[in-house]
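Heads up, run-v9.cif below (mmCIF, C-alpha atoms):
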```
data_structure
#
loop_
_atom_site.label_atom_id
_atom_site.label_comp_id
_atom_site.auth_asym_id
_atom_site.auth_seq_id
_atom_site.Cartn_x
_atom_site.Cartn_y
_atom_site.Cartn_z
CA MET A 16 145.93 202.30 63.90
CA ARG A 17 143.84 202.91 60.80
CA GLY A 18 143.99 206.44 59.39
CA PRO A 19 141.04 208.77 58.94
CA ASP A 20 138.65 208.23 56.05
CA LEU A 21 139.87 211.04 53.86
CA ARG A 22 137.22 210.54 51.21
CA ARG A 23 134.40 210.94 53.71
CA LEU A 24 136.06 213.91 55.33
CA TYR A 25 136.56 215.54 51.95
CA ASP A 26 132.99 214.91 50.78
CA GLU A 27 131.50 216.23 54.01
CA HIS A 28 133.74 219.19 54.72
CA ALA A 29 135.71 220.29 51.67
CA GLN A 30 133.02 222.57 50.19
CA PRO A 31 132.36 224.65 53.35
CA LEU A 32 136.09 224.74 54.11
CA TYR A 33 136.78 225.92 50.55
CA ALA A 34 134.22 228.72 50.79
CA PHE A 35 135.51 229.78 54.21
CA LEU A 36 139.16 229.79 53.09
CA LEU A 37 138.34 231.57 49.84
CA ASN A 38 136.50 234.28 51.75
CA LEU A 39 139.52 234.77 53.99
CA THR A 40 142.33 234.52 51.45
CA ARG A 41 140.53 235.79 48.31
CA ASP A 42 142.98 233.73 46.33
CA GLU A 43 142.11 230.40 44.75
CA ALA A 44 145.70 229.10 44.62
CA ASP A 45 146.23 229.91 48.31
CA THR A 46 142.90 228.27 49.13
CA ARG A 47 143.96 225.16 47.23
CA ASP A 48 147.28 225.00 49.07
CA LEU A 49 145.67 225.49 52.48
CA LEU A 50 143.02 222.88 51.81
CA GLN A 51 145.57 220.37 50.59
CA ASP A 52 147.84 221.04 53.56
CA LEU A 53 144.90 220.43 55.86
CA PHE A 54 144.11 217.04 54.32
CA VAL A 55 147.77 216.05 54.24
CA LYS A 56 147.96 216.93 57.93
CA LEU A 57 144.92 214.75 58.66
CA ALA A 58 146.42 211.88 56.67
CA ARG A 59 149.81 212.11 58.38
CA ASP A 60 148.44 212.30 61.88
CA PRO A 61 145.58 209.82 62.30
CA GLU A 62 145.28 210.75 65.99
CA LEU A 63 144.37 214.34 65.14
CA LEU A 64 140.64 213.68 64.98
CA ALA A 65 140.60 211.15 67.80
CA GLY A 66 138.31 212.31 70.60
CA VAL A 67 137.12 215.38 68.69
CA ARG A 68 133.54 216.18 69.61
CA ASP A 69 132.61 218.45 66.71
CA GLU A 70 134.52 217.39 63.62
CA HIS A 71 133.43 220.35 61.48
CA ALA A 72 134.28 222.92 64.15
CA PHE A 73 137.69 221.29 64.57
CA LEU A 74 138.41 221.40 60.84
CA ILE A 75 137.25 225.02 60.69
CA ARG A 76 139.71 225.81 63.47
CA LEU A 77 142.58 224.17 61.59
CA ALA A 78 141.63 225.99 58.39
CA HIS A 79 141.21 229.32 60.17
CA ASN A 80 144.60 229.07 61.89
CA ALA A 81 146.31 228.20 58.62
CA ALA A 82 144.56 231.08 56.80
CA ILE A 83 145.46 233.60 59.52
CA ASP A 84 149.09 232.43 59.37
CA LEU A 85 149.05 232.93 55.63
CA ILE A 86 147.47 236.39 55.89
CA ARG A 87 150.12 237.42 58.45
CA ARG A 88 152.89 236.11 56.21
CA ARG A 89 151.51 238.07 53.31
CA GLY A 90 151.90 241.26 55.34
CA THR A 91 151.32 244.75 54.10
CA ARG A 92 151.54 243.83 50.43
CA ASP A 93 148.33 241.89 50.60
CA GLU A 94 146.55 244.26 52.93
CA THR A 95 146.67 246.57 49.95
CA ARG A 96 145.35 243.78 47.79
CA ASP A 97 142.46 243.24 50.20
CA ARG A 98 141.53 246.89 49.79
CA PHE A 99 141.16 246.33 46.09
CA ALA A 100 139.13 243.23 46.69
CA ALA A 101 136.91 243.83 43.67
CA GLU A 102 139.84 242.57 41.60
CA SER A 103 140.28 239.41 43.69
CA ILE A 104 138.18 236.28 43.39
CA SER A 105 134.71 236.46 44.86
CA PRO A 106 133.57 233.76 47.29
CA PHE A 107 130.13 233.88 45.68
CA ALA A 108 128.91 231.98 42.65
CA PRO A 109 128.61 234.10 39.52
CA ALA A 110 125.04 235.04 38.57
CA SER A 111 123.54 235.41 35.14
CA ASP A 112 121.15 238.14 36.34
CA PRO A 113 123.02 241.49 36.27
CA ASP A 114 121.30 242.82 39.44
CA LYS A 115 122.20 239.72 41.40
CA GLN A 116 125.72 239.82 40.05
CA THR A 117 126.08 243.47 41.05
CA PHE A 118 124.89 242.75 44.56
CA ARG A 119 127.21 239.76 44.94
CA ALA A 120 130.16 241.76 43.71
CA ALA A 121 129.32 244.57 46.13
CA LEU A 122 128.93 242.08 48.97
CA ALA A 123 132.27 240.46 48.14
CA GLY A 124 133.92 243.89 48.15
CA ALA A 125 132.28 244.86 51.45
CA LEU A 126 133.34 241.57 53.07
CA ALA A 127 136.90 242.10 51.91
CA GLU A 128 137.00 245.38 53.81
CA LEU A 129 136.19 243.65 57.10
CA PRO A 130 139.08 242.60 59.32
CA PRO A 131 139.73 238.85 58.90
CA GLU A 132 138.49 238.01 62.42
CA GLN A 133 135.10 239.70 61.74
CA ARG A 134 134.94 238.24 58.25
CA ALA A 135 135.50 234.75 59.63
CA VAL A 136 132.66 235.07 62.15
CA VAL A 137 130.24 236.59 59.63
CA HIS A 138 131.02 233.85 57.14
CA LEU A 139 130.58 231.03 59.61
CA LYS A 140 127.33 232.51 60.93
CA LEU A 141 125.70 233.36 57.60
CA TRP A 142 127.02 230.78 55.16
CA ASP A 143 128.16 227.86 57.29
CA GLY A 144 125.11 228.03 59.55
CA LEU A 145 127.08 227.72 62.79
CA THR A 146 125.73 228.98 66.10
CA PHE A 147 127.72 231.46 68.14
CA GLU A 148 128.69 228.62 70.49
CA GLN A 149 130.03 226.60 67.58
CA ILE A 150 131.84 229.63 66.17
CA ALA A 151 133.37 230.37 69.57
CA ASP A 152 134.45 226.74 69.82
CA ALA A 153 135.82 226.62 66.28
CA LEU A 154 137.79 229.86 66.51
CA ASP A 155 138.74 229.35 70.16
CA ILE A 156 137.29 232.67 71.26
CA PRO A 157 134.78 233.59 73.97
CA LEU A 158 131.12 233.44 73.03
CA ASN A 159 130.61 237.18 73.58
CA THR A 160 133.57 237.96 71.34
CA ALA A 161 132.06 235.84 68.58
CA ALA A 162 128.70 237.63 68.93
CA SER A 163 130.22 241.12 69.04
CA ARG A 164 132.45 240.44 66.03
CA TYR A 165 129.40 239.35 64.13
CA ARG A 166 127.45 242.46 65.08
CA TYR A 167 130.31 244.81 64.19
CA GLY A 168 130.88 243.04 60.90
CA LEU A 169 127.21 242.99 59.99
CA ASP A 170 126.81 246.69 60.79
CA LYS A 171 129.67 247.53 58.47
CA LEU A 172 128.16 245.42 55.70
CA ARG A 173 124.76 247.02 56.22
CA GLU A 174 126.27 250.46 56.04
CA ARG A 175 128.31 249.68 52.98
CA LEU A 176 125.52 247.90 51.08
CA ARG A 177 122.61 250.13 52.13
CA PRO A 178 122.25 252.02 48.82
CA ILE A 179 122.28 248.95 46.60
CA TYR A 180 120.15 246.98 49.05
CA GLU A 181 117.50 249.71 49.25
CA GLU A 182 117.48 250.04 45.50
CA MET A 183 116.93 246.34 45.01
CA LYS A 184 114.23 246.27 47.67
CA ASN A 185 112.35 249.12 45.99
CA ALA A 186 112.63 247.39 42.64
CA GLU A 187 110.99 244.26 44.07
CA MET B 9 117.30 233.64 74.46
CA LYS B 10 120.40 233.62 72.27
CA LYS B 11 118.97 230.83 70.11
CA LEU B 12 115.88 232.93 69.59
CA ALA B 13 118.01 235.91 68.58
CA GLU B 14 119.82 233.75 66.06
CA LEU B 15 116.53 232.62 64.56
CA ASN B 16 115.33 236.18 64.23
CA MET B 17 117.56 237.30 61.43
CA ASP B 18 116.41 240.48 59.76
CA ASP B 19 115.75 240.85 56.07
CA PHE B 20 119.22 242.06 55.34
CA GLU B 21 120.84 239.06 57.01
CA GLN B 22 118.50 236.71 55.22
CA LYS B 23 119.31 238.39 51.93
CA LEU B 24 123.02 237.86 52.56
CA GLN B 25 122.45 234.29 53.63
CA ARG B 26 120.70 233.50 50.35
CA GLN B 27 123.72 234.38 48.26
CA PRO B 28 125.13 231.10 46.93
CA LEU B 29 128.79 230.42 47.47
CA ARG B 30 131.28 229.47 44.79
CA GLN B 31 131.65 225.73 44.29
CA ILE B 32 134.92 223.95 44.89
CA PRO B 33 136.54 222.87 41.58
CA GLY B 34 135.73 219.21 40.98
CA GLU B 35 139.24 218.23 39.90
CA TRP B 36 140.65 219.18 43.30
CA ARG B 37 139.07 216.15 44.93
CA GLU B 38 141.27 213.51 43.33
CA GLU B 39 144.39 215.67 43.51
CA ILE B 40 143.99 216.47 47.20
CA LEU B 41 143.03 212.92 48.14
CA ARG B 42 146.03 211.58 46.19
CA GLU B 43 148.32 213.89 48.13
CA GLY B 44 146.65 212.77 51.32
CA ARG B 45 147.16 209.09 50.50
CA ARG B 46 150.78 209.76 49.59
CA ALA B 47 151.33 211.47 52.92
CA ALA B 48 149.54 208.71 54.81
CA VAL B 49 151.40 205.71 53.36
CA PRO B 50 155.17 205.86 53.92
CA GLU B 51 155.77 203.11 51.31
CA ILE B 52 154.33 205.32 48.57
CA ARG B 53 156.58 208.17 49.67
CA ASP B 54 159.61 205.85 49.73
CA ALA B 55 158.70 204.39 46.34
CA ASP B 56 158.42 207.87 44.93
CA THR B 57 161.83 208.87 46.21
CA ALA B 58 163.36 205.53 45.11
CA SER B 59 162.08 206.02 41.61
CA LEU B 60 163.99 209.25 41.37
CA PRO B 61 167.31 208.90 39.51
CA LYS B 62 170.47 208.61 41.60
CA TRP B 63 172.57 211.69 40.87
CA SER B 64 176.15 210.49 41.14
CA TRP B 65 179.33 212.35 40.11
CA LEU B 66 179.54 210.18 36.98
CA SER B 67 176.10 211.22 35.85
CA THR B 68 177.01 214.82 36.62
CA ILE B 69 180.08 214.57 34.37
CA ASN B 70 178.01 212.85 31.72
CA HIS B 71 175.45 215.59 31.91
CA GLN B 72 178.09 218.31 31.66
CA LEU B 73 179.76 216.61 28.71
CA SER B 74 176.49 216.10 26.93
CA THR B 75 175.70 219.77 27.34
CA LEU B 76 179.13 220.73 26.03
CA LEU B 77 179.13 218.40 23.03
CA TRP B 78 175.47 218.69 22.25
CA PRO B 79 175.60 220.72 18.99
CA HIS B 80 177.74 218.15 17.03
CA PRO B 81 178.36 215.04 19.11
CA ARG B 82 179.57 212.93 16.16
CA ALA B 83 182.11 215.53 15.09
CA TRP B 84 183.46 215.67 18.63
CA ALA B 85 183.59 211.89 18.80
CA GLY B 86 185.52 211.75 15.49
CA LEU B 87 187.98 214.36 16.70
CA ALA B 88 188.52 212.44 19.92
CA THR B 89 189.18 209.22 17.94
CA VAL B 90 191.77 210.98 15.77
CA TRP B 91 193.56 212.27 18.85
CA ILE B 92 193.52 208.83 20.44
CA LEU B 93 195.09 207.36 17.27
CA ILE B 94 197.77 210.07 17.19
CA LEU B 95 198.63 209.44 20.84
CA ALA B 96 198.71 205.68 20.29
CA VAL B 97 201.11 206.01 17.34
CA ASN B 98 203.27 208.45 19.27
CA PHE B 99 203.61 206.13 22.24
CA SER B 100 204.34 203.10 20.09
CA MET B 101 207.17 204.98 18.30
CA ARG B 102 208.64 206.19 21.57
CA ASP B 103 208.71 202.67 22.94
CA LYS B 104 210.49 201.19 19.91
CA SER B 105 213.26 203.76 19.30
CA PRO B 106 215.50 202.84 22.33
CA ALA B 107 215.01 199.21 21.57
CA LEU B 108 216.13 199.72 18.01
CA ALA B 109 219.25 201.56 19.18
CA GLU B 110 220.12 198.77 21.54
CA LYS B 111 219.48 196.07 18.98
CA SER B 112 221.55 197.69 16.17
CA SER B 113 224.88 195.84 15.59
CA PRO B 114 228.30 197.62 16.05
CA PRO B 115 229.90 198.95 12.79
CA SER B 116 232.24 196.62 10.94
CA PRO B 117 236.08 197.29 10.82
CA GLU B 118 235.87 198.23 7.13
CA VAL B 119 233.34 200.91 7.91
CA ILE B 120 235.54 202.21 10.73
CA VAL B 121 238.57 202.39 8.45
CA GLU B 122 236.54 204.14 5.79
CA LEU B 123 235.26 206.64 8.32
CA ARG B 124 238.79 207.39 9.59
CA GLN B 125 240.02 207.98 6.06
CA GLN B 126 237.18 210.37 5.44
CA GLN B 127 237.95 212.20 8.69
CA ARG B 128 241.61 212.53 7.71
CA LEU B 129 240.72 213.82 4.27
CA LEU B 130 238.33 216.30 5.79
CA ALA B 131 241.03 217.49 8.22
CA GLU B 132 243.46 218.01 5.36
CA LEU B 133 240.94 219.96 3.42
CA ILE B 134 239.72 222.08 6.29
CA GLY B 135 242.90 222.44 8.28
CA PRO B 136 244.79 225.14 6.23
CA ARG B 137 241.59 227.19 5.78
CA ASP B 138 241.12 227.21 9.55
CA GLU B 139 244.61 228.57 10.07
CA HIS B 140 244.11 231.26 7.36
CA ASP B 141 240.80 232.23 8.86
CA ALA B 142 242.38 232.46 12.28
CA ASP B 143 245.15 234.71 10.99
CA ARG B 144 242.68 236.93 9.19
CA SER B 145 240.52 237.26 12.26
CA LYS B 146 243.56 238.23 14.33
CA SER B 147 244.80 240.86 11.80
CA PHE B 148 241.37 242.38 11.25
CA VAL B 149 241.18 246.03 12.17
CA PRO B 150 237.92 247.89 11.79
CA GLN B 151 238.05 250.48 9.04
CA PRO B 152 235.65 253.10 7.77
CA ARG B 153 233.04 251.80 5.36
CA SER B 154 234.37 253.80 2.39
CA GLU B 155 237.88 252.25 2.67
CA ARG B 156 236.42 248.77 2.96
CA ALA B 157 234.63 249.31 -0.31
CA GLN B 158 237.89 250.21 -2.00
CA ILE B 159 239.56 247.03 -0.80
CA VAL B 160 236.75 244.97 -2.28
CA THR B 161 237.01 246.68 -5.67
CA VAL B 162 240.84 246.24 -5.75
#
```
Could you show the structure in this file as structure tokens?
Amino acid sequence: MRGPDLRRLYDEHAQPLYAFLLNLTRDEADTRDLLQDLFVKLARDPELLAGVRDEHAFLIRLAHNAAIDLIRRRGTRDETRDRFAAESISPFAPASDPDKQTFRAALAGALAELPPEQRAVVHLKLWDGLTFEQIADALDIPLNTAASRYRYGLDKLRERLRPIYEEMKNAE
Amino acid sequence: MKKLAELNMDDFEQKLQRQPLRQIPGEWREEILREGRRAAVPEIRDADTASLPKWSWLSTINHQLSTLLWPHPRAWAGLATVWILILAVNFSMRDKSPALAEKSSPPSPEVIVELRQQQRLLAELIGPRDEHDADRSKSFVPQPRSERAQIVTV
């Protein structure tokens, strides 16, 4: 049987997978390894995508599982690193405007403080545009769990970013 | 109902949503796809492993020797040649010496007679001295050093 069209898969899914993995790992080299492993897995097992209803959700699930495995392997050493997330790579594009850059840096730091399961849901909801049903399907969790993780995560971000957000709003 | 809730994001959520994400490095595409192709096609994997050098015990020895002799390989080669020459000469000499002994002809009767005469002459010359020496050794009695000195002077 013919293998999957890797080029098409890469062009359609690599960017959102990259952003998702980078937000979870906060390490570009780890993100690169995970992304490559994912595509090697797809190439080796052509049957993997056979019968999959939502290709993107399925790839997100593979990426999420691999990232969670990596985070667990890292252990305590990298939990400490997550706490000092300001030093790790931001999942957001750098901005030339200092105010925007400050907000993005603060947001990256606040996201890094979220537990990975909340961070994953917040990322998929806000930046991958998935519905709660899709998120629940992708992460293999109940719909209510997906929704509650999002709410908890968002509340923490709101709390953490309130001062800078209010300041920027007043300036506008 | 849920769909409606999702549509009604507040300002804060919308602000977060507008933050652009970092772009994937462009050079990753070819690298990752190449790895994918390599994993997908067994022939490429086999070709890659076949192109690797075979690491036999001979090549290991060669490698070790090269490392050892690396600073002055020509000097080491010259020294080895000299030793090989010395060994070759040594073996050739060892091989020929028994052959020479076997091949040498027995001495002639004149030589034998001459040798016997010389032996007799030698016996005559040495014989009496041997007897004298034997007597002197028998009659020797250790004496104090001072007395021995007197004997010498007398």
Task: Evaluate the PyMOL selection byres ((chain B) within 7 of (chain A)) and report residues as JSON, numbers by chain - done: {"B": [25, 27, 28, 29, 30, 31, 32, 40, 41, 43, 44, 45, 47, 48]}
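Our summary of the geometry notes that CA of Ala120 (chain A) is positioned 24.9 Å from CA of Ile75 (chain A).
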Open item on the list: Applying the PyMOL selection byres ((chain A and resi 132) around 10) to the file I just gave you, which residues come out? Please list them as a ChimeraX atom specification.
Closed with: /A:39,79,83,129-131,133-137,154,161,164-165,168
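Across the model, the gap from CA of Leu139 (chain A) to CA of His71 (chain A) is 11.2 Å.
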Take every atom of region 51-61 of chain A listed in the file, pad by 5 Å on each side, and give me the axis-aligned box centre and edge lengths in Å, one decimal, as AutoDock Vina command-line options.
```
--center_x 147.0 --center_y 215.4 --center_z 56.4 --size_x 15.7 --size_y 21.2 --size_z 21.7
```
